[in-house]
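Novice: Coordinates in coords_7.txt, compact mmCIF, C-alpha atoms (C1' of nucleotides), are listed below.
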```txt
# COMPACT_ATOMS: atom_id res chain seq x y z
CA MET Q 1 15.24 -17.73 26.77
CA SER Q 2 17.85 -15.17 25.84
CA LYS Q 3 18.05 -14.24 22.18
CA GLU Q 4 21.85 -14.01 22.03
CA LYS Q 5 22.71 -17.53 20.97
CA HIS Q 6 22.87 -19.85 18.03
CA HIS Q 7 24.24 -18.85 14.69
CA HIS Q 8 22.92 -15.35 14.48
CA GLY Q 9 23.08 -13.07 17.45
CA ASP Q 10 19.57 -11.70 17.42
CA LEU Q 11 17.93 -12.49 14.15
CA ARG Q 12 14.50 -11.20 15.08
CA GLU Q 13 15.87 -7.77 15.81
CA ALA Q 14 18.09 -7.82 12.73
CA LEU Q 15 15.11 -8.62 10.53
CA ILE Q 16 13.10 -5.72 11.90
CA THR Q 17 15.87 -3.19 11.37
CA ALA Q 18 16.55 -4.64 7.93
CA GLY Q 19 12.90 -4.17 7.13
CA LEU Q 20 12.98 -0.57 8.33
CA ASP Q 21 15.99 0.10 6.12
CA LEU Q 22 14.43 -1.52 3.08
CA LEU Q 23 11.18 0.34 3.63
CA GLU Q 24 12.82 3.72 3.82
CA ALA Q 25 15.16 3.00 0.93
CA GLY Q 26 12.78 1.54 -1.62
CA GLY Q 27 9.23 1.94 -0.40
CA PRO Q 28 6.71 -0.73 0.53
CA ALA Q 29 7.41 -2.76 -2.60
CA ALA Q 30 11.01 -3.26 -1.51
CA LEU Q 31 10.00 -4.70 1.86
CA THR Q 32 10.49 -8.37 1.13
CA LEU Q 33 11.04 -11.37 3.34
CA ARG Q 34 13.90 -12.61 1.22
CA LYS Q 35 15.60 -9.24 1.10
CA CYS Q 36 15.30 -8.87 4.85
CA ALA Q 37 16.85 -12.29 5.26
CA ALA Q 38 19.64 -11.47 2.84
CA LEU Q 39 20.32 -8.18 4.59
CA ALA Q 40 20.55 -10.02 7.89
CA GLY Q 41 22.89 -12.57 6.35
CA VAL Q 42 20.67 -15.63 6.63
CA SER Q 43 18.89 -17.85 4.15
CA HIS Q 44 15.51 -17.01 2.69
CA ALA Q 45 13.52 -19.32 4.96
CA ALA Q 46 15.15 -18.35 8.23
CA PRO Q 47 12.59 -15.68 9.17
CA ALA Q 48 9.86 -18.31 9.38
CA HIS Q 49 11.13 -19.35 12.82
CA HIS Q 50 10.78 -15.82 14.22
CA PHE Q 51 7.72 -14.51 12.42
CA ASN Q 52 4.54 -16.18 11.38
CA GLY Q 53 4.99 -15.20 7.75
CA LEU Q 54 5.44 -11.84 6.11
CA VAL Q 55 2.46 -10.19 7.73
CA SER Q 56 3.87 -10.81 11.19
CA LEU Q 57 7.17 -9.24 10.24
CA LYS Q 58 5.28 -6.27 8.86
CA ALA Q 59 3.30 -6.01 12.09
CA ALA Q 60 6.50 -6.07 14.12
CA ILE Q 61 7.95 -3.33 11.92
CA ILE Q 62 4.83 -1.24 12.43
CA ALA Q 63 5.02 -1.77 16.18
CA ARG Q 64 8.60 -0.58 16.09
CA GLY Q 65 7.45 2.39 14.06
CA PHE Q 66 4.95 3.38 16.74
CA ARG Q 67 7.70 3.21 19.34
CA ILE Q 68 9.92 5.57 17.33
CA PHE Q 69 6.85 7.72 16.68
CA ALA Q 70 6.07 8.13 20.38
CA ARG Q 71 9.71 8.78 21.23
CA ILE Q 72 9.98 11.63 18.72
CA MET Q 73 6.78 13.24 19.98
CA GLU Q 74 8.04 12.99 23.56
CA GLN Q 75 11.35 14.56 22.57
CA HIS Q 76 9.54 17.49 21.03
CA ARG Q 77 7.40 17.90 24.13
CA ALA Q 78 10.45 17.87 26.37
CA SER Q 79 12.00 20.82 24.57
CA ALA Q 80 8.80 22.85 24.37
CA ALA Q 81 8.11 26.16 26.05
CA PRO Q 82 5.91 25.97 29.14
CA GLY Q 83 2.14 26.16 28.82
CA PRO Q 84 -0.42 23.69 27.47
CA ARG Q 85 -0.74 25.35 24.08
CA ALA Q 86 3.01 25.23 23.45
CA LYS Q 87 3.15 21.60 24.55
CA LEU Q 88 0.27 20.62 22.27
CA LEU Q 89 1.87 22.39 19.35
CA ALA Q 90 5.19 20.68 20.09
CA ILE Q 91 3.55 17.28 20.09
CA CYS Q 92 1.95 18.04 16.75
CA GLN Q 93 5.26 19.19 15.34
CA GLY Q 94 6.80 15.95 16.57
CA TYR Q 95 4.02 14.16 14.74
CA LEU Q 96 4.87 16.02 11.57
CA ALA Q 97 8.61 15.58 12.07
CA PHE Q 98 8.17 11.82 12.26
CA SER Q 99 5.99 11.75 9.15
CA ALA Q 100 8.70 13.65 7.30
CA SER Q 101 11.80 11.88 8.59
CA HIS Q 102 10.23 8.44 8.29
CA ALA Q 103 7.91 9.08 5.37
CA ALA Q 104 7.68 5.56 4.02
CA LEU Q 105 7.32 4.04 7.47
CA PHE Q 106 4.64 6.54 8.43
CA ARG Q 107 2.49 5.74 5.44
CA PHE Q 108 3.12 2.05 5.82
CA MET Q 109 2.03 2.13 9.47
CA PHE Q 110 -1.36 3.68 8.90
CA GLN Q 111 -2.02 1.98 5.60
CA ASP Q 112 -1.68 -1.61 6.67
CA PHE Q 113 -2.57 -1.25 10.31
CA GLY Q 114 -6.16 -2.33 9.94
CA ASP Q 115 -5.52 -4.99 7.32
CA LEU Q 116 -2.74 -6.61 9.29
CA LYS Q 117 -4.55 -6.83 12.60
CA GLN Q 118 -6.94 -9.36 11.15
CA GLN Q 119 -4.22 -11.60 9.75
CA ILE Q 120 -2.01 -12.13 12.79
CA ASN Q 121 -2.74 -14.12 15.91
CA ASP Q 122 0.75 -13.73 17.22
CA SER Q 123 2.08 -12.11 20.32
CA VAL Q 124 2.99 -9.49 17.75
CA LEU Q 125 -0.58 -8.26 17.88
CA ASN Q 126 -0.21 -7.58 21.57
CA GLU Q 127 2.98 -5.61 21.01
CA LEU Q 128 1.34 -3.71 18.18
CA GLU Q 129 -1.68 -2.71 20.25
CA GLN Q 130 0.53 -1.68 23.13
CA GLU Q 131 2.87 0.52 21.11
CA SER Q 132 0.12 2.21 19.11
CA THR Q 133 -1.94 2.88 22.21
CA HIS Q 134 1.06 4.41 23.90
CA ALA Q 135 1.68 6.72 20.96
CA TYR Q 136 -1.94 7.79 21.12
CA GLN Q 137 -1.70 8.46 24.84
CA VAL Q 138 1.13 10.92 24.24
CA LEU Q 139 -1.10 12.96 21.98
CA ARG Q 140 -4.07 12.50 24.27
CA GLU Q 141 -2.24 13.90 27.27
CA ALA Q 142 -1.37 17.02 25.36
CA CYS Q 143 -5.05 17.49 24.46
CA ALA Q 144 -6.36 16.89 27.98
CA PRO Q 145 -6.14 20.55 29.15
CA PHE Q 146 -8.43 21.49 26.27
CA ALA Q 147 -11.04 18.77 26.67
CA PRO Q 148 -14.56 20.20 26.83
CA VAL Q 149 -16.42 19.70 30.08
CA GLY Q 150 -19.78 18.79 28.56
CA GLY Q 151 -20.76 15.57 26.90
CA HIS Q 152 -18.13 15.11 24.21
CA GLU Q 153 -14.91 14.90 26.16
CA HIS Q 154 -13.04 13.25 23.33
CA SER Q 155 -13.89 15.78 20.69
CA THR Q 156 -10.72 17.84 21.11
CA GLU Q 157 -8.34 14.90 20.89
CA VAL Q 158 -10.21 13.47 17.93
CA LEU Q 159 -10.12 16.85 16.24
CA VAL Q 160 -6.40 17.33 16.85
CA TRP Q 161 -5.51 13.79 15.89
CA SER Q 162 -7.55 13.95 12.70
CA LEU Q 163 -6.15 17.37 11.85
CA VAL Q 164 -2.48 16.59 12.36
CA HIS Q 165 -2.78 13.17 10.75
CA GLY Q 166 -4.54 14.51 7.70
CA TYR Q 167 -2.05 17.33 7.41
CA ALA Q 168 0.86 14.92 7.69
CA THR Q 169 -0.63 12.53 5.16
CA LEU Q 170 -1.60 15.11 2.59
CA PHE Q 171 1.13 17.72 2.91
CA GLY Q 172 3.81 16.34 5.19
CA GLY Q 173 5.72 14.25 2.68
CA GLY Q 174 7.04 16.75 0.18
CA LYS Q 175 9.54 19.39 1.14
CA LYS Q 176 7.53 22.23 -0.36
CA PRO Q 177 3.94 21.13 -0.01
CA LYS Q 178 1.24 22.83 -2.00
CA THR Q 179 -2.40 22.41 -2.80
CA PRO Q 180 -3.58 22.60 -6.39
CA SER Q 181 -4.38 26.24 -5.69
CA GLY Q 182 -1.38 27.50 -3.76
CA PRO Q 183 1.13 27.00 -0.96
CA VAL Q 184 0.19 25.30 2.28
CA PRO Q 185 0.24 27.30 5.51
CA ASP Q 186 2.19 26.06 8.51
CA PHE Q 187 0.41 23.74 10.85
CA ALA Q 188 0.53 26.30 13.64
CA GLN Q 189 -1.68 28.52 11.53
CA ILE Q 190 -4.47 25.99 11.12
CA LEU Q 191 -4.53 24.56 14.63
CA PRO Q 192 -7.62 26.17 16.20
CA ASP Q 193 -7.60 28.06 19.47
CA PHE Q 194 -9.12 25.79 22.06
CA PRO Q 195 -10.47 27.23 25.31
CA LEU Q 196 -8.87 25.85 28.45
CA ARG Q 197 -11.20 23.68 30.47
CA MET D 1 -9.71 5.86 -32.87
CA SER D 2 -12.72 4.29 -31.19
CA LYS D 3 -12.00 1.64 -28.62
CA GLU D 4 -14.85 -0.71 -29.63
CA LYS D 5 -13.02 -2.97 -32.01
CA HIS D 6 -10.77 -5.97 -32.20
CA HIS D 7 -11.18 -8.99 -30.00
CA HIS D 8 -12.21 -7.38 -26.79
CA GLY D 9 -14.70 -4.59 -26.78
CA ASP D 10 -12.92 -2.16 -24.50
CA LEU D 11 -10.14 -3.92 -22.69
CA ARG D 12 -8.72 -0.83 -21.05
CA GLU D 13 -12.00 -0.05 -19.37
CA ALA D 14 -12.56 -3.68 -18.44
CA LEU D 15 -9.16 -3.84 -16.75
CA ILE D 16 -9.86 -0.76 -14.67
CA THR D 17 -13.20 -2.02 -13.42
CA ALA D 18 -11.70 -5.46 -12.81
CA GLY D 19 -9.02 -3.79 -10.73
CA LEU D 20 -11.62 -1.86 -8.75
CA ASP D 21 -13.49 -5.09 -8.03
CA LEU D 22 -10.36 -6.95 -6.97
CA LEU D 23 -9.26 -4.09 -4.77
CA GLU D 24 -12.54 -3.88 -2.90
CA ALA D 25 -12.83 -7.65 -2.62
CA GLY D 26 -9.37 -8.60 -1.45
CA GLY D 27 -7.42 -5.48 -0.61
CA PRO D 28 -4.30 -4.10 -2.27
CA ALA D 29 -2.56 -7.48 -2.26
CA ALA D 30 -5.27 -8.92 -4.50
CA LEU D 31 -4.81 -6.22 -7.14
CA THR D 32 -2.78 -8.13 -9.67
CA LEU D 33 -2.15 -7.70 -13.34
CA ARG D 34 -2.79 -11.34 -14.07
CA LYS D 35 -6.01 -11.40 -12.07
CA CYS D 36 -7.25 -8.29 -13.81
CA ALA D 37 -6.49 -9.91 -17.14
CA ALA D 38 -8.24 -13.13 -16.13
CA LEU D 39 -11.27 -11.22 -14.88
CA ALA D 40 -11.45 -9.41 -18.19
CA GLY D 41 -11.15 -12.71 -20.05
CA VAL D 42 -7.81 -12.11 -21.75
CA SER D 43 -4.38 -13.62 -21.38
CA HIS D 44 -1.91 -12.49 -18.77
CA ALA D 45 0.17 -10.32 -21.08
CA ALA D 46 -2.67 -8.51 -22.80
CA PRO D 47 -2.68 -5.50 -20.43
CA ALA D 48 0.81 -4.54 -21.54
CA HIS D 49 -0.58 -2.90 -24.68
CA HIS D 50 -2.95 -0.67 -22.72
CA PHE D 51 -0.89 0.15 -19.65
CA ASN D 52 2.79 0.73 -19.23
CA GLY D 53 3.08 -1.98 -16.61
CA LEU D 54 1.33 -2.49 -13.34
CA VAL D 55 1.99 0.98 -11.98
CA SER D 56 0.16 2.57 -14.88
CA LEU D 57 -2.86 0.39 -14.31
CA LYS D 58 -2.77 1.35 -10.65
CA ALA D 59 -2.57 5.01 -11.59
CA ALA D 60 -5.56 4.65 -13.89
CA ILE D 61 -7.50 2.96 -11.11
CA ILE D 62 -6.63 5.80 -8.75
CA ALA D 63 -7.71 8.35 -11.33
CA ARG D 64 -11.01 6.55 -11.64
CA GLY D 65 -11.25 6.57 -7.87
CA PHE D 66 -10.90 10.35 -7.79
CA ARG D 67 -13.69 10.64 -10.33
CA ILE D 68 -16.03 8.53 -8.20
CA PHE D 69 -14.85 10.49 -5.17
CA ALA D 70 -15.77 13.84 -6.70
CA ARG D 71 -19.10 12.53 -7.94
CA ILE D 72 -20.15 11.33 -4.50
CA MET D 73 -19.19 14.65 -2.91
CA GLU D 74 -21.18 16.51 -5.55
CA GLN D 75 -24.19 14.29 -4.96
CA HIS D 76 -24.11 15.08 -1.26
CA ARG D 77 -23.81 18.78 -1.98
CA ALA D 78 -26.79 18.66 -4.33
CA SER D 79 -29.06 17.26 -1.63
CA ALA D 80 -27.85 19.61 1.10
CA ALA D 81 -29.88 22.27 2.85
CA PRO D 82 -29.21 25.85 1.72
CA GLY D 83 -26.47 27.88 3.34
CA PRO D 84 -22.66 27.63 3.14
CA ARG D 85 -22.27 25.77 6.42
CA ALA D 86 -24.71 23.04 5.40
CA LYS D 87 -23.05 22.72 2.02
CA LEU D 88 -19.59 22.41 3.57
CA LEU D 89 -20.81 19.78 5.99
CA ALA D 90 -22.49 17.88 3.16
CA ILE D 91 -19.26 17.84 1.17
CA CYS D 92 -17.41 16.47 4.18
CA GLN D 93 -20.05 13.82 4.71
CA GLY D 94 -19.66 12.87 1.06
CA TYR D 95 -15.94 12.61 1.71
CA LEU D 96 -16.60 10.28 4.62
CA ALA D 97 -19.24 8.32 2.71
CA PHE D 98 -16.75 7.60 -0.04
CA SER D 99 -14.08 6.52 2.41
CA ALA D 100 -16.57 4.10 3.96
CA SER D 101 -18.21 2.72 0.84
CA HIS D 102 -14.90 2.40 -1.04
CA ALA D 103 -12.63 1.75 1.91
CA ALA D 104 -9.91 -0.18 0.12
CA LEU D 105 -9.91 2.17 -2.85
CA PHE D 106 -9.76 5.22 -0.60
CA ARG D 107 -6.70 4.00 1.25
CA PHE D 108 -5.11 2.80 -1.97
CA MET D 109 -5.59 6.20 -3.60
CA PHE D 110 -3.83 8.23 -0.95
CA GLN D 111 -1.22 5.64 -0.11
CA ASP D 112 0.30 5.16 -3.54
CA PHE D 113 -0.50 8.52 -5.00
CA GLY D 114 2.90 10.02 -4.35
CA ASP D 115 4.90 6.90 -5.08
CA LEU D 116 3.14 6.26 -8.37
CA LYS D 117 3.49 9.73 -9.78
CA GLN D 118 7.23 9.32 -10.01
CA GLN D 119 7.04 6.01 -11.86
CA ILE D 120 4.72 6.84 -14.73
CA ASN D 121 5.40 9.03 -17.71
CA ASP D 122 2.20 8.08 -19.41
CA SER D 123 -0.80 10.09 -20.39
CA VAL D 124 -2.15 8.41 -17.30
CA LEU D 125 -0.32 10.97 -15.22
CA ASN D 126 -2.24 13.71 -16.93
CA GLU D 127 -5.54 12.01 -16.25
CA LEU D 128 -4.54 11.43 -12.64
CA GLU D 129 -3.63 15.06 -12.04
CA GLN D 130 -6.82 16.22 -13.67
CA GLU D 131 -9.15 13.99 -11.70
CA SER D 132 -7.48 14.62 -8.36
CA THR D 133 -7.42 18.36 -8.92
CA HIS D 134 -11.10 18.30 -9.76
CA ALA D 135 -11.92 16.45 -6.58
CA TYR D 136 -9.97 19.01 -4.62
CA GLN D 137 -11.83 21.85 -6.30
CA VAL D 138 -15.14 20.46 -5.11
CA LEU D 139 -13.96 20.69 -1.53
CA ARG D 140 -12.30 24.02 -2.15
CA GLU D 141 -15.48 25.62 -3.45
CA ALA D 142 -17.31 24.61 -0.31
CA CYS D 143 -14.61 26.26 1.80
CA ALA D 144 -14.49 29.47 -0.20
CA PRO D 145 -17.20 31.31 1.81
CA PHE D 146 -15.11 30.80 4.93
CA ALA D 147 -11.72 31.81 3.55
CA PRO D 148 -10.05 34.43 5.75
CA VAL D 149 -9.51 37.82 4.17
CA GLY D 150 -5.99 38.39 5.48
CA GLY D 151 -2.80 36.76 4.36
CA HIS D 152 -3.54 33.05 4.64
CA GLU D 153 -6.41 32.56 2.28
CA HIS D 154 -5.86 28.84 2.01
CA SER D 155 -5.84 28.11 5.70
CA THR D 156 -9.51 27.16 5.92
CA GLU D 157 -9.46 24.74 3.02
CA VAL D 158 -6.23 23.19 4.27
CA LEU D 159 -7.72 22.87 7.74
CA VAL D 160 -10.93 21.28 6.48
CA TRP D 161 -9.16 18.98 4.06
CA SER D 162 -6.69 17.82 6.69
CA LEU D 163 -9.43 17.37 9.25
CA VAL D 164 -11.82 15.38 7.12
CA HIS D 165 -9.05 13.33 5.56
CA GLY D 166 -7.51 12.47 8.90
CA TYR D 167 -10.91 11.62 10.34
CA ALA D 168 -11.71 9.39 7.38
CA THR D 169 -8.34 7.66 7.52
CA LEU D 170 -8.29 7.07 11.26
CA PHE D 171 -11.92 6.49 12.10
CA GLY D 172 -13.86 6.21 8.87
CA GLY D 173 -13.15 2.60 8.02
CA GLY D 174 -14.73 0.65 10.88
CA LYS D 175 -18.43 0.66 11.50
CA LYS D 176 -18.08 1.52 15.19
CA PRO D 177 -14.96 3.64 15.37
CA LYS D 178 -13.31 4.26 18.69
CA THR D 179 -10.14 5.71 20.06
CA PRO D 180 -8.16 3.77 22.67
CA SER D 181 -9.98 5.85 25.27
CA GLY D 182 -13.58 5.88 24.09
CA PRO D 183 -16.07 6.34 21.27
CA VAL D 184 -15.49 8.83 18.47
CA PRO D 185 -17.81 11.81 18.11
CA ASP D 186 -19.52 12.54 14.83
CA PHE D 187 -17.65 14.65 12.35
CA ALA D 188 -20.21 17.44 12.65
CA GLN D 189 -19.18 17.84 16.27
CA ILE D 190 -15.52 18.43 15.56
CA LEU D 191 -15.82 20.66 12.50
CA PRO D 192 -15.04 24.14 13.88
CA ASP D 193 -17.30 27.13 13.44
CA PHE D 194 -15.72 29.30 10.77
CA PRO D 195 -16.69 32.99 10.46
CA LEU D 196 -18.09 33.97 7.09
CA ARG D 197 -15.82 36.21 5.12
C1' DT X 1 30.05 -38.08 25.36
C1' DT X 2 25.45 -38.46 24.00
C1' DG X 3 20.81 -36.93 23.05
C1' DT X 4 17.49 -33.34 22.34
C1' DT X 5 15.73 -29.37 20.69
C1' DA X 6 15.78 -24.94 18.60
C1' DA X 7 17.81 -22.45 14.65
C1' DC X 8 18.94 -22.50 10.19
C1' DT X 9 19.60 -24.35 5.18
C1' DT X 10 18.19 -26.53 1.04
C1' DG X 11 14.91 -27.50 -2.28
C1' DA X 12 10.56 -27.24 -4.23
C1' DC X 13 5.96 -25.21 -5.55
C1' DA X 14 2.62 -21.84 -7.16
C1' DC X 15 2.23 -17.19 -8.06
C1' DT X 16 3.76 -12.50 -9.53
C1' DG X 17 5.47 -8.72 -13.33
C1' DT X 18 7.77 -8.29 -17.52
C1' DC X 19 9.77 -9.24 -21.87
C1' DA X 20 10.27 -11.41 -26.75
C1' DA X 21 8.33 -13.77 -30.41
C1' DA X 22 4.49 -15.72 -32.75
C1' DA X 23 -0.33 -15.59 -34.09
C1' DT X 24 -4.57 -13.27 -35.13
C1' DA X 25 -8.09 -9.94 -36.21
C1' DG X 26 -9.61 -5.82 -38.35
C1' DA X 27 -9.14 -1.89 -41.64
C1' DG X 28 -7.88 0.25 -45.87
C1' DG X 29 -6.26 -0.07 -50.59
C1' DA X 30 -5.59 -2.71 -55.14
C1' DT I 1 -12.50 -9.94 -53.85
C1' DC I 2 -7.88 -10.27 -52.23
C1' DC I 3 -3.88 -8.44 -49.98
C1' DT I 4 -1.06 -6.04 -47.06
C1' DC I 5 -0.34 -3.78 -42.67
C1' DT I 6 -0.87 -2.47 -38.18
C1' DA I 7 -2.81 -3.00 -33.70
C1' DT I 8 -4.12 -6.45 -30.53
C1' DT I 9 -3.70 -10.63 -28.24
C1' DT I 10 -1.47 -15.18 -27.12
C1' DT I 11 2.18 -18.21 -25.91
C1' DG I 12 6.33 -19.08 -23.69
C1' DA I 13 9.99 -17.92 -20.89
C1' DC I 14 12.57 -15.65 -17.02
C1' DA I 15 13.72 -13.84 -12.43
C1' DG I 16 11.72 -12.84 -8.16
C1' DT I 17 8.21 -13.51 -4.39
C1' DG I 18 5.99 -16.18 0.02
C1' DT I 19 5.52 -20.53 1.94
C1' DC I 20 5.96 -25.27 2.96
C1' DA I 21 8.62 -29.89 3.79
C1' DA I 22 12.62 -32.09 4.78
C1' DG I 23 17.32 -32.23 6.01
C1' DT I 24 21.35 -30.16 8.60
C1' DT I 25 23.70 -27.83 12.12
C1' DA I 26 24.61 -25.68 16.48
C1' DA I 27 23.89 -25.07 21.44
C1' DC I 28 22.86 -26.92 25.69
C1' DA I 29 21.52 -30.53 29.30
C1' DA I 30 22.41 -34.87 31.37
```
Do you think you could lay out the structure here as structure tokens?
Specialist:
Amino acid sequence: MSKEKHHHGDLREALITAGLDLLEAGGPAALTLRKCAALAGVSHAAPAHHFNGLVSLKAAIIARGFRIFARIMEQHRASAAPGPRAKLLAICQGYLAFSASHAALFRFMFQDFGDLKQQINDSVLNELEQESTHAYQVLREACAPFAPVGGHEHSTEVLVWSLVHGYATLFGGGKKPKTPSGPVPDFAQILPDFPLR
Amino acid sequence: MSKEKHHHGDLREALITAGLDLLEAGGPAALTLRKCAALAGVSHAAPAHHFNGLVSLKAAIIARGFRIFARIMEQHRASAAPGPRAKLLAICQGYLAFSASHAALFRFMFQDFGDLKQQINDSVLNELEQESTHAYQVLREACAPFAPVGGHEHSTEVLVWSLVHGYATLFGGGKKPKTPSGPVPDFAQILPDFPLR
DNA sequence: TTGTTAACTTGACACTGTCAAAATAGAGGA
DNA sequence: TCCTCTATTTTGACAGTGTCAAGTTAACAA
């Protein structure tokens, strides 16, 4: 039942954090089952008893990433000025802060999300769906005051999510982002003005 | 000078197209130097004389991807109704069409773009910069009529690029895209109305 | 203490990228 | 025609990867 027993204290957790470290240190190519095992101090085949192969470990790492992702957005929202516009902007800046502070993890999450979901039948899939949905809800709540009343109630959240995700993907990584034709404006300058519902 | 000589007609080209096929068939994990070589009918070490390792082949594949990308956007623009708004929307729909018809390539391009650029010192880097810049120019031209006159002249193109890229990444892949809370509206419904300059 | 089961190790296999050395084909000059 | 000579390709090897099978060890229950 409890995970604190046997040789290693909590190998499953150690493998996930080892994977996060490897990912941030050396990119996706450095995320290796054997390196995770070595970093956790166990033999190369030990992870097989906690994860259904490499893809399951990757899925667990992505799920952990979504948890960190949601936490950072919530922290930004907590320290925002009052008002729906300020809260929405804070959430977006949390989004961008995560994509910058966890650049490799951020790209890894959205790159392999779709591919991985079809390769795992674990309980990991459940955890992954849960964490990613929660992260989306954080952004969705911030968009709710701006949802249009007519037919397309999701259009604002889809717009904001697409906008901030594209911005993070294309320009968020580098310290001084630029297009081929010039510097990139701040995100606050491209976020449209939405009418309150 | 010409590439049509020696054993294989044009091995470099054959390796790139083999890589494109493998990528679309089996995802990024299936893109392998040895498989590319086998698909081109040469031995496993033959690619070394045309590409400075696997990363260079990947960079060449991405460069080719940007060329296809730009071509598809230009085709959509050519068959668009007159008027700057229709042309901009057509470019975006070309963007989305590419991300759907070349899903694996699209994700591969923007995932490894940044990582790869720091690992190649080839002439491939030149080709990659050139093709990607050209693709960006296509989108930039379509945004030009809507560029604001004040200080932030790039804000519209950055907005549109972020928006369409995020939309393609998050919702473009699946046939019936949906958020955790409902169906996704068409892109035309979330593209804001920009004032003409 | 004994037995049982989960956790882990050891060893092996096919596959990967990369390197060194050998072999081969094509072109240009005698 | 023959003969270099260089670019291209092949063969062979190496370390590293994920995964499987079998053996070993540790923790706990009876």
Novice: What's the separation between atom CA of Pro148 of chain Q and atom CA of Ala86 of chain D, in Å to one decimal place?
Specialist: 23.9 Å
Novice: Give me, as a ChimeraX atom specification, the residues of chain I touching chain D, with the criterion being at most 9 Å (counting all atoms listed in the file).
Specialist: /I:7-10
Novice: Counting only C-alpha atoms (C1' of nucleotides), which residue out of D:Val184, D:Ala30, D:Ala78, D:Leu11 sits closest to chain X?
Specialist: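 When distances to chain X are compared using only C-alpha atoms (C1' of nucleotides), the smallest one comes from D:Ala30.
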Novice: Figure out the distance between atom CA of Ala14 of chain D and atom CA of Ala40 of chain D, please, to one decimal in Å.
Specialist: 5.8 Å
Novice: Can you sort out the box for segment 18-28 of chain D, edges along x, y and z, all listed atoms in, 6 Å on every side, with centre and edge lengths in Å to one decimal, as AutoDock Vina command-line options?
Specialist:
```
--center_x -8.9 --center_y -5.2 --center_z -6.7 --size_x 21.2 --size_y 18.7 --size_z 24.2
```
Novice: Return the single residue from Q:Ala97, Q:Val124, Q:Ala90, Q:Val55 that is closest to chain D, with distances computed using all atoms listed in the file.
Specialist: Q:Val55
Novice: Excluding DT18 of chain X and its own-chain neighbours fewer than 5 positions away, which residues fall within 12 Å of it when counting all atoms listed in the file? Please give them as a PyMOL selection string.
Specialist: (chain D and resi 33-34+44-48+52-54) or (chain I and resi 13-16)
Novice: Dump as a PyMOL selection string all residues having an atom at most 12 Å from (-13.4, 12.6, 21.9), computed in the file's coordinates with all atoms listed in the file.
Specialist: (chain Q and resi 140+143-144+146-162) or (chain D and resi 167+171+177-187+189-190)
Novice: So the first atom is atom CA of Asp122 of chain D and the second is atom CA of Phe108 of chain D; what is the distance between them in Å, to one decimal place?
Specialist: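 Value for the atom CA of Asp122 of chain D-atom CA of Phe108 of chain D distance: 19.6 Å.
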Novice: Measuring atom to atom with only C-alpha atoms (C1' of nucleotides), identify which of X:DA20, X:DC15, X:DC8, X:DA27 is nearest to chain Q.
Specialist: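 Among X:DA20, X:DC15, X:DC8, X:DA27, it is X:DC8 that comes nearest to chain Q.
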Novice: Between X:DG29, X:DT24, X:DA14, X:DT9, which has the minimum distance to chain D (counting all atoms listed in the file)?
Specialist: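 Smallest separation from chain D among the options: X:DT24.
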Novice: Find the residue from D:Gly19, D:Asp10, D:Leu57, D:Thr32 that sits nearest to chain X; use all atoms listed in the file when measuring.
Specialist: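 Answer, going by the shortest atom-to-atom distance: D:Thr32.
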Novice: Which is closest to Thr17 of chain Q among Q:Ser79, Q:Leu105, Q:Asp193, Q:Leu163, if we use all atoms listed in the file?
Specialist: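 Smallest distance to Thr17 of chain Q is found for Q:Leu105.
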Novice: Please report, as JSON lines, each residue of chain X lying at most 9 Å from chain D, together with the nearest pair of atoms and the separation in Å rounded to one decimal; use only C-alpha atoms (C1' of nucleotides), and order rows by chain and ascending residue number.
Specialist:
```
{"residue": "X:DT16", "atom": "C1'", "partner": "D:Thr32", "partner_atom": "CA", "distance": 7.9}
{"residue": "X:DG17", "atom": "C1'", "partner": "D:Leu54", "partner_atom": "CA", "distance": 7.5}
{"residue": "X:DT18", "atom": "C1'", "partner": "D:Gly53", "partner_atom": "CA", "distance": 7.9}
{"residue": "X:DA25", "atom": "C1'", "partner": "D:His6", "partner_atom": "CA", "distance": 6.2}
{"residue": "X:DG26", "atom": "C1'", "partner": "D:His6", "partner_atom": "CA", "distance": 6.3}
```
